[in-house]
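**Student:** Pasting data.tsv below, which is TSV, C-alpha atoms and all ligand atoms.
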chain	number	residue	atom	x	y	z
V	684	MET	CA	-29.17	16.10	20.74
V	685	GLY	CA	-27.00	14.19	23.17
V	686	PHE	CA	-23.72	15.45	24.56
V	687	ILE	CA	-21.62	12.63	23.06
V	688	ALA	CA	-20.39	13.16	19.51
V	689	ASP	CA	-22.35	11.52	16.68
V	690	ALA	CA	-19.15	9.94	15.37
V	691	LEU	CA	-19.04	7.74	18.45
V	692	SER	CA	-22.44	6.23	17.77
V	693	ARG	CA	-20.96	4.67	14.63
V	694	VAL	CA	-18.21	2.96	16.57
V	695	LYS	CA	-18.34	-0.30	18.54
V	696	PRO	CA	-16.27	-0.86	21.66
V	697	SER	CA	-13.55	-3.50	21.26
V	698	ALA	CA	-15.00	-7.04	21.47
V	699	THR	CA	-11.66	-8.45	22.54
V	700	ILE	CA	-11.43	-6.07	25.48
V	701	ALA	CA	-15.07	-6.92	26.34
V	702	VAL	CA	-14.25	-10.64	26.52
V	703	THR	CA	-11.15	-9.99	28.63
V	704	ASN	CA	-13.25	-7.90	31.04
V	705	LYS	CA	-16.02	-10.50	31.23
V	706	ALA	CA	-13.49	-13.24	32.00
V	707	ALA	CA	-11.91	-11.04	34.71
V	708	GLU	CA	-15.35	-10.40	36.22
V	709	LEU	CA	-16.14	-14.13	36.41
V	710	LYS	CA	-12.71	-14.77	37.97
V	711	ARG	CA	-13.36	-12.15	40.63
V	712	ALA	CA	-16.66	-13.91	41.35
V	713	GLY	CA	-14.66	-17.05	42.11
V	714	ARG	CA	-15.12	-18.94	38.83
V	715	ASP	CA	-12.28	-21.00	37.36
V	716	VAL	CA	-11.82	-19.13	34.08
V	717	ILE	CA	-9.14	-19.47	31.40
V	718	GLY	CA	-8.87	-16.34	29.26
V	719	LEU	CA	-7.85	-16.95	25.67
V	720	GLY	CA	-9.01	-13.54	24.52
V	721	ALA	CA	-6.02	-11.27	25.02
V	722	GLY	CA	-3.62	-10.58	22.18
V	723	GLU	CA	-0.35	-10.29	24.04
V	724	PRO	CA	2.62	-12.57	24.63
V	725	ASP	CA	2.67	-14.10	28.12
V	726	PHE	CA	6.49	-13.77	28.23
V	727	ASP	CA	8.25	-11.05	30.17
V	728	THR	CA	10.15	-8.27	28.36
V	729	PRO	CA	13.80	-9.38	27.93
V	730	GLU	CA	16.26	-8.21	30.62
V	731	ASN	CA	18.52	-6.21	28.29
V	732	ILE	CA	15.52	-4.10	27.27
V	733	LYS	CA	14.43	-3.53	30.87
V	734	GLU	CA	17.99	-2.53	31.78
V	735	ALA	CA	18.07	0.01	28.94
V	736	ALA	CA	14.90	1.58	30.34
V	737	ILE	CA	16.31	1.70	33.87
V	738	LYS	CA	19.48	3.29	32.55
V	739	ALA	CA	17.41	5.87	30.64
V	740	ILE	CA	15.69	6.85	33.88
V	741	ARG	CA	19.02	7.05	35.77
V	742	ASP	CA	20.54	9.13	32.96
V	743	GLY	CA	17.70	11.62	33.18
V	744	LYS	CA	16.16	10.76	29.81
V	745	THR	CA	12.86	11.71	31.34
V	746	LYS	CA	11.88	14.86	29.49
V	747	TYR	CA	9.73	15.57	26.45
V	748	THR	CA	11.34	14.31	23.26
V	749	ALA	CA	10.85	15.17	19.60
V	750	VAL	CA	7.14	14.58	18.92
V	751	ASP	CA	7.49	11.54	16.69
V	752	GLY	CA	10.56	9.94	18.17
V	753	ILE	CA	14.15	10.45	19.31
V	754	PRO	CA	16.74	10.40	16.49
V	755	GLU	CA	18.43	7.30	17.98
V	756	LEU	CA	15.20	5.31	17.72
V	757	LYS	CA	14.40	6.56	14.22
V	758	GLU	CA	17.88	5.44	13.16
V	759	ALA	CA	17.40	2.03	14.79
V	760	ILE	CA	14.07	1.65	12.98
V	761	ALA	CA	15.53	2.67	9.60
V	762	ALA	CA	18.33	0.14	10.18
V	763	LYS	CA	15.75	-2.54	11.05
V	764	PHE	CA	13.83	-1.90	7.82
V	765	ALA	CA	17.07	-2.11	5.80
V	766	ARG	CA	18.31	-5.24	7.61
V	767	GLU	CA	15.10	-7.24	7.76
V	768	ASN	CA	12.89	-5.95	4.97
V	769	ASN	CA	15.24	-4.56	2.29
V	770	LEU	CA	13.47	-1.21	2.65
V	771	ALA	CA	15.60	1.93	2.35
V	772	TYR	CA	13.80	4.43	4.58
V	773	LYS	CA	15.62	7.51	5.87
V	774	PRO	CA	15.23	8.21	9.62
V	775	SER	CA	13.20	11.30	8.63
V	776	GLN	CA	10.67	8.96	6.99
V	777	VAL	CA	9.97	7.23	10.31
V	778	SER	CA	7.28	8.11	12.85
V	779	VAL	CA	7.18	6.71	16.40
V	780	SER	CA	3.93	6.59	18.36
V	781	ASN	CA	2.22	5.11	21.42
V	782	GLY	CA	1.89	1.64	19.93
V	783	GLY	CA	1.17	0.51	16.41
V	784	LYS	CA	-2.41	1.47	17.11
V	785	GLN	CA	-1.59	5.17	17.25
V	786	VAL	CA	0.51	4.94	14.08
V	787	LEU	CA	-2.50	3.55	12.18
V	788	TYR	CA	-4.86	6.07	13.74
V	789	ASN	CA	-2.57	9.04	13.02
V	790	ALA	CA	-2.30	7.97	9.38
V	791	LEU	CA	-6.08	7.73	9.01
V	792	VAL	CA	-6.70	11.07	10.77
V	793	ALA	CA	-4.04	12.64	8.57
V	794	THR	CA	-5.48	11.39	5.28
V	795	LEU	CA	-9.23	10.67	5.40
V	796	ASN	CA	-11.88	13.10	4.23
V	797	PRO	CA	-15.59	12.33	4.64
V	798	GLY	CA	-16.63	9.66	2.14
V	799	ASP	CA	-13.12	8.35	1.50
V	800	GLU	CA	-13.11	4.57	1.30
V	801	VAL	CA	-10.68	2.22	3.01
V	802	ILE	CA	-10.53	-1.42	1.93
V	803	VAL	CA	-10.43	-3.72	4.95
V	804	PRO	CA	-10.00	-7.45	4.28
V	805	ALA	CA	-12.11	-9.60	6.63
V	806	PRO	CA	-11.57	-11.25	9.02
V	807	TYR	CA	-9.98	-8.03	10.27
V	808	TRP	CA	-8.40	-6.75	13.44
V	809	VAL	CA	-11.32	-5.21	15.31
V	810	SER	CA	-9.88	-1.71	15.32
V	811	TYR	CA	-9.49	-1.15	11.56
V	812	PRO	CA	-13.10	-0.48	10.57
V	813	GLU	CA	-13.80	1.42	13.78
V	814	MET	CA	-10.80	3.71	13.32
V	815	VAL	CA	-11.87	4.40	9.73
V	816	LEU	CA	-15.36	5.31	10.96
V	817	LEU	CA	-14.00	7.52	13.73
V	818	CYS	CA	-12.00	9.42	11.10
V	819	GLY	CA	-15.09	9.97	8.94
V	820	GLY	CA	-14.15	7.40	6.30
V	821	THR	CA	-16.08	4.43	4.97
V	822	PRO	CA	-14.71	0.94	5.55
V	823	VAL	CA	-15.19	-1.32	2.52
V	824	VAL	CA	-14.99	-4.87	3.81
V	825	VAL	CA	-13.68	-7.54	1.43
V	826	SER	CA	-14.27	-11.02	2.81
V	827	ALA	CA	-11.89	-13.93	2.64
V	828	GLY	CA	-13.19	-17.28	3.84
V	829	ALA	CA	-11.50	-20.35	5.25
V	830	GLU	CA	-11.62	-21.93	1.76
V	831	ASN	CA	-9.13	-19.28	0.66
V	832	GLY	CA	-6.97	-19.50	3.77
V	833	PHE	CA	-8.62	-16.26	5.01
V	834	LYS	CA	-6.70	-14.30	2.34
V	835	ILE	CA	-8.27	-11.97	-0.20
V	836	THR	CA	-7.69	-12.55	-3.89
V	837	ALA	CA	-6.49	-10.09	-6.50
V	838	GLU	CA	-9.92	-10.24	-8.17
V	839	ALA	CA	-11.72	-9.36	-4.92
V	840	LEU	CA	-9.34	-6.45	-4.32
V	841	GLU	CA	-9.77	-5.17	-7.87
V	842	ALA	CA	-13.56	-5.35	-7.56
V	843	ALA	CA	-13.54	-3.32	-4.32
V	844	ILE	CA	-11.51	-0.39	-5.67
V	845	THR	CA	-13.49	2.73	-6.61
V	846	PRO	CA	-12.41	6.30	-7.39
V	847	LYS	CA	-12.99	7.03	-3.68
V	848	THR	CA	-10.61	4.34	-2.40
V	849	LYS	CA	-7.77	5.87	-0.42
V	850	TRP	CA	-6.16	2.94	1.38
V	851	LEU	CA	-5.95	-0.82	1.49
V	852	ILE	CA	-5.21	-1.96	5.05
V	853	PHE	CA	-3.10	-5.08	4.72
V	854	ASN	CA	-2.25	-7.27	7.72
V	855	SER	CA	-0.04	-10.33	7.45
V	856	PRO	CA	0.33	-12.41	9.60
V	857	SER	CA	-3.20	-11.59	10.53
V	858	ASN	CA	-4.98	-10.91	13.75
V	859	PRO	CA	-7.43	-12.75	14.09
V	860	THR	CA	-6.70	-15.67	11.73
V	861	GLY	CA	-2.92	-16.06	11.85
V	862	ALA	CA	-2.98	-16.27	8.05
V	863	ALA	CA	0.12	-14.91	6.33
V	864	TYR	CA	0.49	-14.08	2.64
V	865	THR	CA	3.31	-15.70	0.69
V	866	ARG	CA	5.46	-13.54	-1.57
V	867	ALA	CA	3.42	-14.67	-4.61
V	868	GLU	CA	0.17	-13.83	-2.83
V	869	VAL	CA	1.45	-10.36	-1.87
V	870	LYS	CA	2.63	-9.84	-5.46
V	871	ALA	CA	-0.82	-10.68	-6.82
V	872	LEU	CA	-2.25	-7.88	-4.68
V	873	THR	CA	0.51	-5.35	-5.37
V	874	ASP	CA	0.05	-6.00	-9.11
V	875	VAL	CA	-3.52	-4.76	-8.69
V	876	LEU	CA	-2.37	-1.70	-6.74
V	877	VAL	CA	0.19	-0.83	-9.42
V	878	ARG	CA	-2.75	-0.42	-11.83
V	879	HIS	CA	-4.56	1.96	-9.42
V	880	PRO	CA	-2.14	4.77	-8.57
V	881	HIS	CA	-4.61	6.60	-6.30
V	882	VAL	CA	-4.73	3.72	-3.79
V	883	TRP	CA	-2.21	3.62	-0.94
V	884	VAL	CA	-1.39	0.62	1.22
V	885	MET	CA	-1.08	0.57	4.99
V	886	SER	CA	0.80	-2.60	5.78
V	887	ASP	CA	0.42	-3.69	9.39
V	888	ASP	CA	3.42	-5.97	9.93
V	889	MET	CA	3.03	-6.23	13.69
V	890	TYR	CA	3.34	-10.05	13.69
V	891	GLU	CA	6.26	-10.17	11.26
V	892	HIS	CA	8.48	-12.23	13.55
V	893	LEU	CA	5.84	-14.75	14.51
V	894	VAL	CA	5.83	-17.08	11.49
V	895	TYR	CA	6.33	-20.84	11.59
V	896	ASP	CA	7.44	-23.82	9.50
V	897	ASP	CA	10.02	-21.84	7.48
V	898	PHE	CA	7.41	-19.39	6.25
V	899	VAL	CA	9.14	-16.34	4.75
V	900	PHE	CA	7.59	-13.01	5.73
V	901	THR	CA	7.33	-10.28	3.10
V	902	THR	CA	5.80	-6.80	3.08
V	903	PRO	CA	4.23	-5.01	0.08
V	904	ALA	CA	6.88	-2.30	-0.45
V	905	GLU	CA	9.57	-5.00	-0.46
V	906	VAL	CA	7.72	-7.14	-2.98
V	907	GLU	CA	6.80	-4.20	-5.22
V	908	PRO	CA	9.36	-1.40	-4.70
V	909	SER	CA	7.45	0.93	-7.03
V	910	LEU	CA	4.79	1.20	-4.30
V	911	ILE	CA	7.22	2.73	-1.79
V	912	ASP	CA	5.87	6.25	-2.42
V	913	ARG	CA	2.35	5.20	-1.43
V	914	THR	CA	2.98	2.70	1.33
V	915	LEU	CA	2.97	3.14	5.08
V	916	THR	CA	4.85	0.21	6.59
V	917	VAL	CA	3.73	-0.22	10.20
V	918	ASN	CA	5.41	-2.29	12.86
V	919	GLY	CA	6.25	-2.14	16.55
V	920	VAL	CA	7.91	-3.79	19.51
V	921	SER	CA	4.72	-4.95	21.28
V	922	LYS	CA	4.44	-8.48	19.94
V	923	ALA	CA	7.99	-9.34	18.83
V	924	TYR	CA	9.67	-8.27	22.09
V	925	ALA	CA	6.81	-8.86	24.56
V	926	MET	CA	6.50	-5.10	25.14
V	927	THR	CA	2.75	-4.49	24.89
V	928	GLY	CA	2.66	-2.23	27.95
V	929	TRP	CA	5.57	-0.04	26.84
V	930	ARG	CA	3.49	1.43	24.00
V	931	ILE	CA	5.94	1.85	21.15
V	932	GLY	CA	4.93	1.39	17.53
V	933	TYR	CA	6.36	2.90	14.37
V	934	GLY	CA	5.60	3.51	10.74
V	935	ALA	CA	7.67	4.51	7.73
V	936	GLY	CA	6.48	6.14	4.55
V	937	PRO	CA	6.75	9.13	2.25
V	938	ASP	CA	7.92	12.39	3.90
V	939	SER	CA	4.63	14.22	3.28
V	940	LEU	CA	2.61	11.53	5.11
V	941	ILE	CA	5.10	11.22	7.97
V	942	LYS	CA	5.03	15.01	8.48
V	943	ALA	CA	1.24	15.04	8.48
V	944	MET	CA	1.17	12.23	11.05
V	945	ALA	CA	3.62	14.13	13.27
V	946	LYS	CA	1.30	17.15	13.07
V	947	VAL	CA	-1.62	15.03	14.34
V	948	GLN	CA	0.50	13.61	17.15
V	949	SER	CA	1.88	17.05	18.09
V	950	GLN	CA	-1.65	18.24	18.84
V	951	SER	CA	-2.82	15.08	20.63
V	952	THR	CA	-0.36	13.02	22.68
V	953	SER	CA	3.08	14.48	21.79
V	954	ASN	CA	5.94	12.01	22.15
V	955	PRO	CA	5.57	8.45	23.37
V	956	SER	CA	7.29	7.80	26.73
V	957	SER	CA	10.97	8.77	26.55
V	958	ILE	CA	11.87	5.74	28.66
V	959	SER	CA	10.00	3.33	26.40
V	960	GLN	CA	11.72	4.85	23.38
V	961	TRP	CA	15.16	4.10	24.86
V	962	ALA	CA	13.99	0.57	25.64
V	963	ALA	CA	12.88	0.20	22.02
V	964	VAL	CA	16.32	1.34	20.81
V	965	GLU	CA	17.81	-1.58	22.75
V	966	ALA	CA	15.10	-3.97	21.49
V	967	LEU	CA	15.96	-3.18	17.87
V	968	ASN	CA	19.74	-2.74	18.16
V	969	GLY	CA	20.47	-5.35	20.85
V	970	THR	CA	20.52	-9.12	20.67
V	971	GLN	CA	17.66	-10.65	18.71
V	972	ASP	CA	18.01	-14.13	20.34
V	973	PHE	CA	14.66	-13.76	22.04
V	974	ILE	CA	12.71	-13.74	18.77
V	975	PRO	CA	13.47	-17.21	17.30
V	976	LYS	CA	13.25	-18.80	20.77
V	977	ASN	CA	9.77	-17.40	21.25
V	978	ALA	CA	8.68	-18.31	17.76
V	979	LEU	CA	9.55	-21.97	18.50
V	980	LEU	CA	7.50	-21.92	21.70
V	981	PHE	CA	4.56	-20.37	19.85
V	982	LYS	CA	4.81	-22.94	17.06
V	983	ASP	CA	4.53	-25.80	19.58
V	984	ARG	CA	1.52	-24.17	21.15
V	985	ARG	CA	-0.11	-23.63	17.77
V	986	ASP	CA	0.36	-27.30	16.91
V	987	LEU	CA	-1.06	-28.39	20.26
V	988	VAL	CA	-4.15	-26.19	19.93
V	989	VAL	CA	-4.85	-27.05	16.29
V	990	SER	CA	-4.57	-30.77	16.97
V	991	MET	CA	-6.77	-30.70	20.09
V	992	LEU	CA	-9.43	-28.47	18.52
V	993	ASN	CA	-9.71	-30.70	15.50
V	994	GLN	CA	-10.65	-33.50	17.90
V	995	ALA	CA	-13.60	-31.47	19.22
V	996	ARG	CA	-16.98	-32.36	17.75
V	997	GLY	CA	-18.21	-29.76	15.26
V	998	ILE	CA	-14.97	-27.74	15.25
V	999	GLN	CA	-12.65	-27.36	12.28
V	1000	CYS	CA	-9.37	-25.60	12.83
V	1001	PRO	CA	-7.02	-24.71	9.97
V	1002	THR	CA	-3.28	-24.44	10.69
V	1003	PRO	CA	-2.26	-20.78	10.45
V	1004	GLU	CA	1.14	-19.62	9.18
V	1005	GLY	CA	1.79	-17.08	11.92
V	1006	ALA	CA	0.79	-14.72	14.75
V	1007	PHE	CA	-0.48	-16.34	17.96
V	1008	TYR	CA	-4.09	-16.91	17.00
V	1009	VAL	CA	-6.16	-19.73	15.57
V	1010	PHE	CA	-9.53	-19.09	13.97
V	1011	PRO	CA	-11.57	-22.31	14.02
V	1012	SER	CA	-15.03	-22.77	12.59
V	1013	CYS	CA	-17.82	-23.75	14.97
V	1014	ALA	CA	-20.27	-24.34	12.09
V	1015	GLY	CA	-20.72	-27.96	13.18
V	1016	THR	CA	-22.19	-26.87	16.52
V	1017	ILE	CA	-24.82	-24.48	15.17
V	1018	GLY	CA	-28.36	-25.68	15.94
V	1019	LEU	CA	-27.22	-27.85	18.88
V	1020	THR	CA	-28.33	-27.23	22.47
V	1021	ALA	CA	-25.93	-26.19	25.25
V	1022	PRO	CA	-26.11	-27.51	28.85
V	1023	SER	CA	-27.99	-24.30	29.79
V	1024	GLY	CA	-30.80	-25.34	27.44
V	1025	LYS	CA	-29.99	-22.53	25.00
V	1026	VAL	CA	-29.59	-23.29	21.32
V	1027	ILE	CA	-26.27	-22.36	19.70
V	1028	GLU	CA	-27.58	-20.10	16.98
V	1029	ASN	CA	-24.34	-18.43	15.98
V	1030	ASP	CA	-20.73	-17.94	17.04
V	1031	GLU	CA	-21.68	-15.35	19.62
V	1032	ALA	CA	-23.94	-17.89	21.35
V	1033	PHE	CA	-21.17	-20.48	21.06
V	1034	VAL	CA	-18.63	-18.31	22.92
V	1035	THR	CA	-21.19	-17.19	25.53
V	1036	GLU	CA	-22.25	-20.76	26.30
V	1037	LEU	CA	-18.65	-21.99	26.32
V	1038	LEU	CA	-17.74	-19.34	28.89
V	1039	GLU	CA	-20.81	-20.16	30.98
V	1040	ALA	CA	-20.41	-23.94	30.87
V	1041	GLU	CA	-16.65	-24.40	30.95
V	1042	GLY	CA	-15.11	-21.05	31.90
V	1043	VAL	CA	-13.13	-20.69	28.66
V	1044	ALA	CA	-13.07	-17.16	27.24
V	1045	VAL	CA	-12.63	-16.86	23.47
V	1046	VAL	CA	-13.85	-14.19	21.04
V	1047	GLN	CA	-16.62	-14.66	18.46
V	1048	GLY	CA	-15.48	-14.48	14.82
V	1049	SER	CA	-18.30	-12.12	13.91
V	1050	ALA	CA	-16.52	-9.41	15.94
V	1051	PHE	CA	-13.75	-9.72	13.33
V	1052	GLY	CA	-16.18	-9.75	10.42
V	1053	LEU	CA	-16.62	-13.50	9.88
V	1054	GLY	CA	-18.87	-16.06	11.54
V	1055	PRO	CA	-19.43	-18.79	12.57
V	1056	PHE	CA	-15.84	-18.83	13.77
V	1057	PHE	CA	-14.06	-17.93	16.97
V	1058	ARG	CA	-10.59	-16.68	17.82
V	1059	ILE	CA	-8.26	-18.26	20.32
V	1060	SER	CA	-5.10	-16.48	21.38
V	1061	TYR	CA	-2.53	-19.15	22.25
V	1062	ALA	CA	-0.20	-16.66	23.91
V	1063	THR	CA	-0.59	-18.44	27.22
V	1064	SER	CA	0.99	-21.44	28.97
V	1065	ASN	CA	0.86	-24.93	27.44
V	1066	ALA	CA	-0.89	-26.17	30.60
V	1067	ALA	CA	-3.65	-23.56	30.25
V	1068	LEU	CA	-3.98	-24.31	26.55
V	1069	GLU	CA	-4.23	-28.04	27.09
V	1070	GLU	CA	-6.81	-27.61	29.84
V	1071	SER	CA	-8.91	-25.15	27.83
V	1072	CYS	CA	-8.86	-27.35	24.71
V	1073	LYS	CA	-9.98	-30.29	26.88
V	1074	ARG	CA	-12.84	-28.15	28.13
V	1075	ILE	CA	-13.77	-27.14	24.59
V	1076	GLN	CA	-13.79	-30.83	23.58
V	1077	ARG	CA	-16.03	-31.62	26.57
V	1078	PHE	CA	-18.33	-28.67	25.84
V	1079	CYS	CA	-18.76	-29.68	22.19
V	1080	GLY	CA	-19.20	-33.33	23.16
V	1081	ASN	CA	-21.98	-32.37	25.59
V	1082	LEU	CA	-24.00	-30.39	23.03
V	1083	ARG	CA	-27.25	-32.11	22.13
V	1101	LIG	C1	-2.94	-6.50	13.86
V	1101	LIG	C2	-2.56	-5.57	14.95
V	1101	LIG	N1	-2.12	-4.36	14.64
V	1101	LIG	C3	-1.77	-3.46	15.57
V	1101	LIG	C4	-1.86	-3.78	16.90
V	1101	LIG	C5	-1.49	-2.72	17.91
V	1101	LIG	O1	-0.35	-2.97	18.57
V	1101	LIG	P1	0.21	-1.98	19.68
V	1101	LIG	O2	0.08	-2.69	20.97
V	1101	LIG	O3	1.63	-1.74	19.28
V	1101	LIG	O4	-0.59	-0.73	19.63
V	1101	LIG	C6	-2.33	-5.03	17.29
V	1101	LIG	C7	-2.50	-5.35	18.72
V	1101	LIG	O5	-3.23	-6.20	19.12
V	1101	LIG	C8	-2.69	-5.95	16.29
V	1101	LIG	O6	-3.15	-7.16	16.60
Rewrite the structure of this file - the entire thing - as structure tokens.

**Tutor:**
Amino acid sequence: MGFIADALSRVKPSATIAVTNKAAELKRAGRDVIGLGAGEPDFDTPENIKEAAIKAIRDGKTKYTAVDGIPELKEAIAAKFARENNLAYKPSQVSVSNGGKQVLYNALVATLNPGDEVIVPAPYWVSYPEMVLLCGGTPVVVSAGAENGFKITAEALEAAITPKTKWLIFNSPSNPTGAAYTRAEVKALTDVLVRHPHVWVMSDDMYEHLVYDDFVFTTPAEVEPSLIDRTLTVNGVSKAYAMTGWRIGYGAGPDSLIKAMAKVQSQSTSNPSSISQWAAVEALNGTQDFIPKNALLFKDRRDLVVSMLNQARGIQCPTPEGAFYVFPSCAGTIGLTAPSGKVIENDEAFVTELLEAEGVAVVQGSAFGLGPFFRISYATSNAALEESCKRIQRFCGNLR
């Protein structure tokens, strides 16, 4: 028996982090590499938020805080849910953690027993199935293809539910596809959940503010208020306020779940950084001007990338509703030969050869549960996007 826990052998390391590392390694070796793998805005955190953090340090707000968040932040979060999502959570129903990632993980640790099933629509954010496995649960993957806009149907959800189902993890707009569910599409799914009272929903709304073309964001507990007692609504400041490094995410749900999550956090990390919490108070209570400005920039980048990719031979790129990702198909390149002489057998080979030949780092769709696709994060400058799309066009054009 090895020293490392068996649970870890079931879990894969993050493919997105692997691509980012590989790109960094090639850069260090002197290669001209454009990384389109990382899922974080390239903008700087707004000044008012930085100032709030500096003030917190100067004011001595540098001690341990309540485990799952300072009261001021919980109030700001409850006010945000009321203002933006028509959700009436009390501050005591809010939990603050080190990023949205820890909120999701705490909730799974707090609820999963061995054999419990968690429905994960695919393509999925890489961490969902791995977190479920780490917590001893069983991920039940429900696939949604490009033909359905990468969104699962009510029928597929219904078919995946068993007596062992504990959660549906719902993510809209989605990482990796950018697909976002309309109100009617959310309602179709919540109608199924209403019929299965043992199933809870974990709604990961991290990309809420990144929706384009007048798309209206909705979240399950807003669409179907009767689900409020079995919904964990998860969000955070990472993507909306360009605060990935500050590590603040939050969730709101029934008191019993929130208390259980605080118990997990009290015995693992304790409170998230006091300084980051004060910065998050300013992010949520201060001016929101930053958000629509950024969304416009992202929309232009999305349009640029979609248009240029659709001009690449063998690539088909749908136009996503939100987030800062596109998820094109590379099916038209499978079976062709790359400049290295290797045959593109699948999406993994496509991204490897693309990185080798043209120095463009993207992530294979199979890492997110659906091939032959790949994910591009367009959270980078227009110049870098234009150059990388040109390289992708050249790479595809050179395949034989
Ligand atoms: C869908 C989704 N959920 C959650 C997270 C985690 O965000 P945070 O940085 O707040 O932990 C990410 C980050 O990439 C994400 O893409």

**Student:** To one decimal place, how far is CA of Gly820 (chain V) from CA of Leu791 (chain V) in Å?

**Tutor:** 8.5 Å

**Student:** Applying 7 Å and all atoms listed in the file, which residues near region 754-760 of chain V remain after dropping the ones on its own chain fewer than 2 positions away? List them as a VMD selection string.

**Tutor:** chain V and resid 752 762 to 764 774 777 960 964 967 to 968

**Student:** Might I get the box with edges along x, y and z of the file that holds all atoms of ligand LIG 1101 (chain V) listed there, padded by 6 Å on every side, given as centre and edge lengths in Å to one decimal, as JSON?

**Tutor:**
{"center_x": -0.8, "center_y": -3.9, "center_z": 17.4, "size_x": 16.9, "size_y": 18.4, "size_z": 19.1}

**Student:** What residues of the protein or nucleic acid chains come within 10 Å of ligand LIG 1101 (chain V) when you use only C-alpha atoms and all ligand atoms? Reply as a short mmCIF file (atom, residue, chain, number, x, y, z; two decimals) with C-alpha atoms, in the frame of the given file.

**Tutor:**
data_model
loop_
_atom_site.label_atom_id
_atom_site.label_comp_id
_atom_site.auth_asym_id
_atom_site.auth_seq_id
_atom_site.Cartn_x
_atom_site.Cartn_y
_atom_site.Cartn_z
CA THR V 699 -11.66 -8.45 22.54
CA ALA V 721 -6.02 -11.27 25.02
CA GLY V 722 -3.62 -10.58 22.18
CA GLU V 723 -0.35 -10.29 24.04
CA SER V 780 3.93 6.59 18.36
CA ASN V 781 2.22 5.11 21.42
CA GLY V 782 1.89 1.64 19.93
CA GLY V 783 1.17 0.51 16.41
CA LYS V 784 -2.41 1.47 17.11
CA GLN V 785 -1.59 5.17 17.25
CA VAL V 786 0.51 4.94 14.08
CA LEU V 787 -2.50 3.55 12.18
CA TYR V 788 -4.86 6.07 13.74
CA TYR V 807 -9.98 -8.03 10.27
CA TRP V 808 -8.40 -6.75 13.44
CA VAL V 809 -11.32 -5.21 15.31
CA SER V 810 -9.88 -1.71 15.32
CA TYR V 811 -9.49 -1.15 11.56
CA PHE V 853 -3.10 -5.08 4.72
CA ASN V 854 -2.25 -7.27 7.72
CA SER V 855 -0.04 -10.33 7.45
CA PRO V 856 0.33 -12.41 9.60
CA SER V 857 -3.20 -11.59 10.53
CA ASN V 858 -4.98 -10.91 13.75
CA PRO V 859 -7.43 -12.75 14.09
CA GLY V 861 -2.92 -16.06 11.85
CA SER V 886 0.80 -2.60 5.78
CA ASP V 887 0.42 -3.69 9.39
CA ASP V 888 3.42 -5.97 9.93
CA MET V 889 3.03 -6.23 13.69
CA TYR V 890 3.34 -10.05 13.69
CA VAL V 917 3.73 -0.22 10.20
CA ASN V 918 5.41 -2.29 12.86
CA GLY V 919 6.25 -2.14 16.55
CA VAL V 920 7.91 -3.79 19.51
CA SER V 921 4.72 -4.95 21.28
CA LYS V 922 4.44 -8.48 19.94
CA ALA V 923 7.99 -9.34 18.83
CA ALA V 925 6.81 -8.86 24.56
CA MET V 926 6.50 -5.10 25.14
CA THR V 927 2.75 -4.49 24.89
CA GLY V 928 2.66 -2.23 27.95
CA TRP V 929 5.57 -0.04 26.84
CA ARG V 930 3.49 1.43 24.00
CA ILE V 931 5.94 1.85 21.15
CA GLY V 932 4.93 1.39 17.53
CA TYR V 933 6.36 2.90 14.37
CA ALA V 1006 0.79 -14.72 14.75
CA PHE V 1007 -0.48 -16.34 17.96
CA TYR V 1008 -4.09 -16.91 17.00
#

**Student:** Applying 7 Å and all atoms listed in the file, which residues near region 946-953 of chain V remain after dropping the ones on its own chain fewer than 6 positions away? List them as a PyMOL selection string.

**Tutor:** chain V and resi 750+789+793

**Student:** Please measure the separation of CA of Asn1081 (chain V) and CA of Ala1040 (chain V), giving the value in Å to one decimal.

**Tutor:** 10.1 Å

**Student:** From the list V:Glu841, V:Ala863, V:Tyr772, V:Pro806, which residue is nearest Ala827 (chain V) when using all atoms listed in the file?

**Tutor:** V:Pro806

**Student:** With a cut-off of 10 Å, could you pull out the residues of region 933-1043 of chain V touching region 1069-1076 of chain V and give me the nearest pair of atoms for each, distance in Å to one decimal, using all atoms listed in the file, ordered by chain and ascending number, as a tab-separated table?

**Tutor:**
residue	atom	partner	partner_atom	distance
V:Arg984	CA	V:Glu1069	CA	9.1
V:Leu987	CA	V:Glu1069	CA	7.5
V:Val988	CA	V:Cys1072	CA	6.8
V:Val989	CA	V:Cys1072	CA	9.3
V:Ser990	CA	V:Cys1072	CA	9.5
V:Met991	CA	V:Cys1072	CA	6.1
V:Leu992	CA	V:Cys1072	CA	6.3
V:Asn993	CA	V:Gln1076	CA	9.1
V:Gln994	CA	V:Gln1076	CA	7.0
V:Ala995	CA	V:Gln1076	CA	4.4
V:Arg996	CA	V:Gln1076	CA	6.8
V:Gly997	CA	V:Gln1076	CA	9.5
V:Ile998	CA	V:Gln1076	CA	9.0
V:Leu1037	CA	V:Ile1075	CA	7.3
V:Leu1038	CA	V:Ile1075	CA	9.8
V:Ala1040	CA	V:Arg1074	CA	9.1
V:Glu1041	CA	V:Arg1074	CA	6.0
V:Gly1042	CA	V:Arg1074	CA	8.4
V:Val1043	CA	V:Ser1071	CA	6.2

**Student:** What is the CA of Lys695 (chain V)-CA of Pro822 (chain V) distance in Å, reported with one decimal?

**Tutor:**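 Those two atoms sit 13.5 Å apart.
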
**Student:** Identify which of the residues V:Leu795, V:Ala867, V:Cys1079, V:Val875 lies closest to Ala842 (chain V), counting only C-alpha atoms when measuring atom-to-atom distances.

**Tutor:** V:Val875

**Student:** Smallest atom-to-atom distance to Ala771 (chain V): which of V:Pro908, V:Gly1054, V:Pro1001, V:Gly969, using all atoms listed in the file?

**Tutor:**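 Once distances to Ala771 (chain V) are computed over all atoms listed in the file, the minimum belongs to V:Pro908.
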